[in-house]
Amino acid sequence: MFKFLTHKPLWVNIVAVILLTSILILVFFGSLDYITKHGKYEKVPSLVGKNVDEARRLLESKGFEVEIQDSVYLDDAPKLSVIKQSPEGESMVKVSRTIYLTINRSQPPLVEMPNLVGFSIRNAEMYLENLGLKIGDTTFRPDIAKNAVLEQLYDGKPIEAGTKIFMGSKISFVLGDGIGDEEMKVPDLIGLTFVEAKILLKTMNVNFTPVADAGVANMDAAFVYRQNPEQFTMLSDGQKQNNRIKAGQNIDLWLSTEKPVIDSAAVVQPPPSL
């Protein structure tokens with residue numbers, strides 16, 4: 001071939017090169033549509049919920065490329081199922097385009113258990129939710145910190161902060177019931193002002209509910225003339241027995257502007273009716 005070209009005039013060679021180049025260009029552009037599948041579109045199937053292998057086979061059979069873009073963990077979705085796709089299902093896109101998939105992990109990721117002791121149950125539950133953990137059973141034991149977390153448990157055993165567990169695990173709590181374990185004598189509050197009674201009861205961690213008579217404008221300066229439970233219970237033999245109360249329990253206090261009169265037998269005389 002080269003011998004043939006070298007024995008021809010230069011202009012013939014130039015024309016031959018031009019013709020050959022033109023033919024190659026025409027062939028290239030003529031086959032470009034076939035190579036790129038120009039103008040050919042296909043509907044993307046809906047893949048959410050399907051197993052990733054099934055989704056891959058389905059896409060490749062339609063001429064699409066497949067790429068796993070991300071993985072997440074949802075405990076209410078099948079393992080290795082498609083959670084999200086881009087473009088979305090039923091979209092018309094060009095054949096050979098890459099379809100990006102987000103799949104559900106086959107195993108949940110590990111998270112560190114926080115220290116929730118001392119948290120209120122509501123805050124502890126929110127904290128767990130942010131970590132992808134779930135709240136399990138709750139039990140109570142005597143403690144003045146009502147609904148505060150006293151212990152955190154995993155599989156029925158105490159779990160320390162920093163322990164790695166699978167996302168989606170259930171954490172159980174032991175909570176304070178708001179009532180202390182130790183019993184105390186009910187104090188005598190009759191004749192005290194409400195502010196004095198409040199100070200005393202707060203030092204005992206005992207709750208109180210005031211019931212003010214009509215005409216009481218300044219509750220703190222009002223006097224306690226009745227309380228429930230009372231300091232004593234009268235027995236059948238005439239003896240007095242100290243009533244007892246636990247921290248976290250409640251005492252009702254009746255208030256009046258008049259200071260009550262207490263006789264020698266320590267019987268409360270209610271204030272005169274208005």
# chains A, B, ... in the order shown; residues from 1 in each chain; ligands from 1
call {"tool": "residues_around", "arguments": {"residues": "stretch 179-194 of chain A", "least_positions_apart": "4", "cutoff": "6 Å", "atoms": "only C-alpha atoms", "output": "list of chain:residue names"}}
result
A:Pro142, A:Asp143, A:Ile144, A:Asp220, A:Ala221, A:Ala222, A:Phe223, A:Val224, A:Tyr225, A:Gln231, A:Asn243, A:Arg244, A:Ile245, A:Lys246, A:Ala247, A:Gly248, A:Pro260
call {"tool": "residues_around", "arguments": {"residues": "stretch 116-119 of chain A", "least_positions_apart": "6", "cutoff": "6 Å", "atoms": "only C-alpha atoms", "output": "ChimeraX atom specification"}}
result
/A:148-150
call {"tool": "closest_residue", "arguments": {"among": "A:Phe64, A:Trp254, A:Phe232, A:Phe140", "to": "A:Gly178", "atoms": "only C-alpha atoms"}}
result
A:Phe140
call {"tool": "residues_around", "arguments": {"residues": "A:Lys62", "least_positions_apart": "4", "cutoff": "10 Å", "atoms": "only C-alpha atoms", "output": "NGL selection string"}}
result
:A and (42-45 or 57-58 or 95-96)
call {"tool": "atom_distance", "arguments": {"atom1": "atom CA of A:Ile171", "atom2": "atom CA of A:Pro114"}}
result
10.8 Å
call {"tool": "closest_residue", "arguments": {"among": "A:Val72, A:Ile251, A:Ala124, A:Val111", "to": "A:Thr209", "atoms": "only C-alpha atoms"}}
result
A:Ile251
call {"tool": "select_by_dssp", "arguments": {"residues": "stretch 18-240 of chain A", "states": "strand (DSSP E)", "output": "MDAnalysis selection string"}}
result
chainID A and resid 41:43 65:72 82:86 92:94 98:104 110:112 134:141 149:154 157:158 164:166 170:176 183:185 207:212 223:228 232:234 240
call {"tool": "select_by_dssp", "arguments": {"residues": "stretch 74-257 of chain A", "states": "alpha helix (DSSP H)", "output": "list of chain:residue names"}}
result
A:Ile121, A:Arg122, A:Asn123, A:Ala124, A:Glu125, A:Met126, A:Tyr127, A:Leu128, A:Glu129, A:Asn130, A:Leu131, A:Phe194, A:Val195, A:Glu196, A:Ala197, A:Lys198, A:Ile199, A:Leu200, A:Leu201, A:Lys202, A:Thr203
call {"tool": "write_last_selection", "arguments": {"atoms": "C-alpha atoms", "output": "mmCIF file, in the first residue's frame"}}
result
data_model
loop_
_atom_site.group_PDB
_atom_site.id
_atom_site.type_symbol
_atom_site.label_atom_id
_atom_site.label_comp_id
_atom_site.auth_asym_id
_atom_site.auth_seq_id
_atom_site.Cartn_x
_atom_site.Cartn_y
_atom_site.Cartn_z
ATOM 1 C CA ILE A 121 -37.589 10.292 82.176
ATOM 2 C CA ARG A 122 -38.785 12.703 79.495
ATOM 3 C CA ASN A 123 -35.302 14.072 78.795
ATOM 4 C CA ALA A 124 -33.802 10.587 78.905
ATOM 5 C CA GLU A 125 -36.319 9.364 76.330
ATOM 6 C CA MET A 126 -35.514 12.293 73.994
ATOM 7 C CA TYR A 127 -31.776 11.583 74.371
ATOM 8 C CA LEU A 128 -32.291 7.926 73.482
ATOM 9 C CA GLU A 129 -34.380 8.844 70.447
ATOM 10 C CA ASN A 130 -31.644 11.128 69.109
ATOM 11 C CA LEU A 131 -29.175 8.213 69.330
ATOM 12 C CA PHE A 194 -47.611 29.558 105.925
ATOM 13 C CA VAL A 195 -44.094 30.771 105.108
ATOM 14 C CA GLU A 196 -42.762 29.150 108.325
ATOM 15 C CA ALA A 197 -44.576 25.886 107.523
ATOM 16 C CA LYS A 198 -43.190 25.919 103.975
ATOM 17 C CA ILE A 199 -39.616 26.288 105.174
ATOM 18 C CA LEU A 200 -39.995 23.408 107.628
ATOM 19 C CA LEU A 201 -41.647 21.076 105.112
ATOM 20 C CA LYS A 202 -39.063 21.811 102.427
ATOM 21 C CA THR A 203 -36.252 20.816 104.789
#
call {"tool": "residues_around", "arguments": {"residues": "A:Ile103", "least_positions_apart": "4", "cutoff": "7 Å", "atoms": "only C-alpha atoms", "output": "list in words"}}
result
Asp70, Ser71, Val72, Leu80, Ser81, Val82, Ile83 and Lys84 of chain A
call {"tool": "atom_distance", "arguments": {"atom1": "atom CA of A:Ser172", "atom2": "atom CA of A:Gly132"}}
result
14.5 Å
call {"tool": "atom_distance", "arguments": {"atom1": "atom CA of A:Asn250", "atom2": "atom CA of A:Pro229"}}
result
8.6 Å
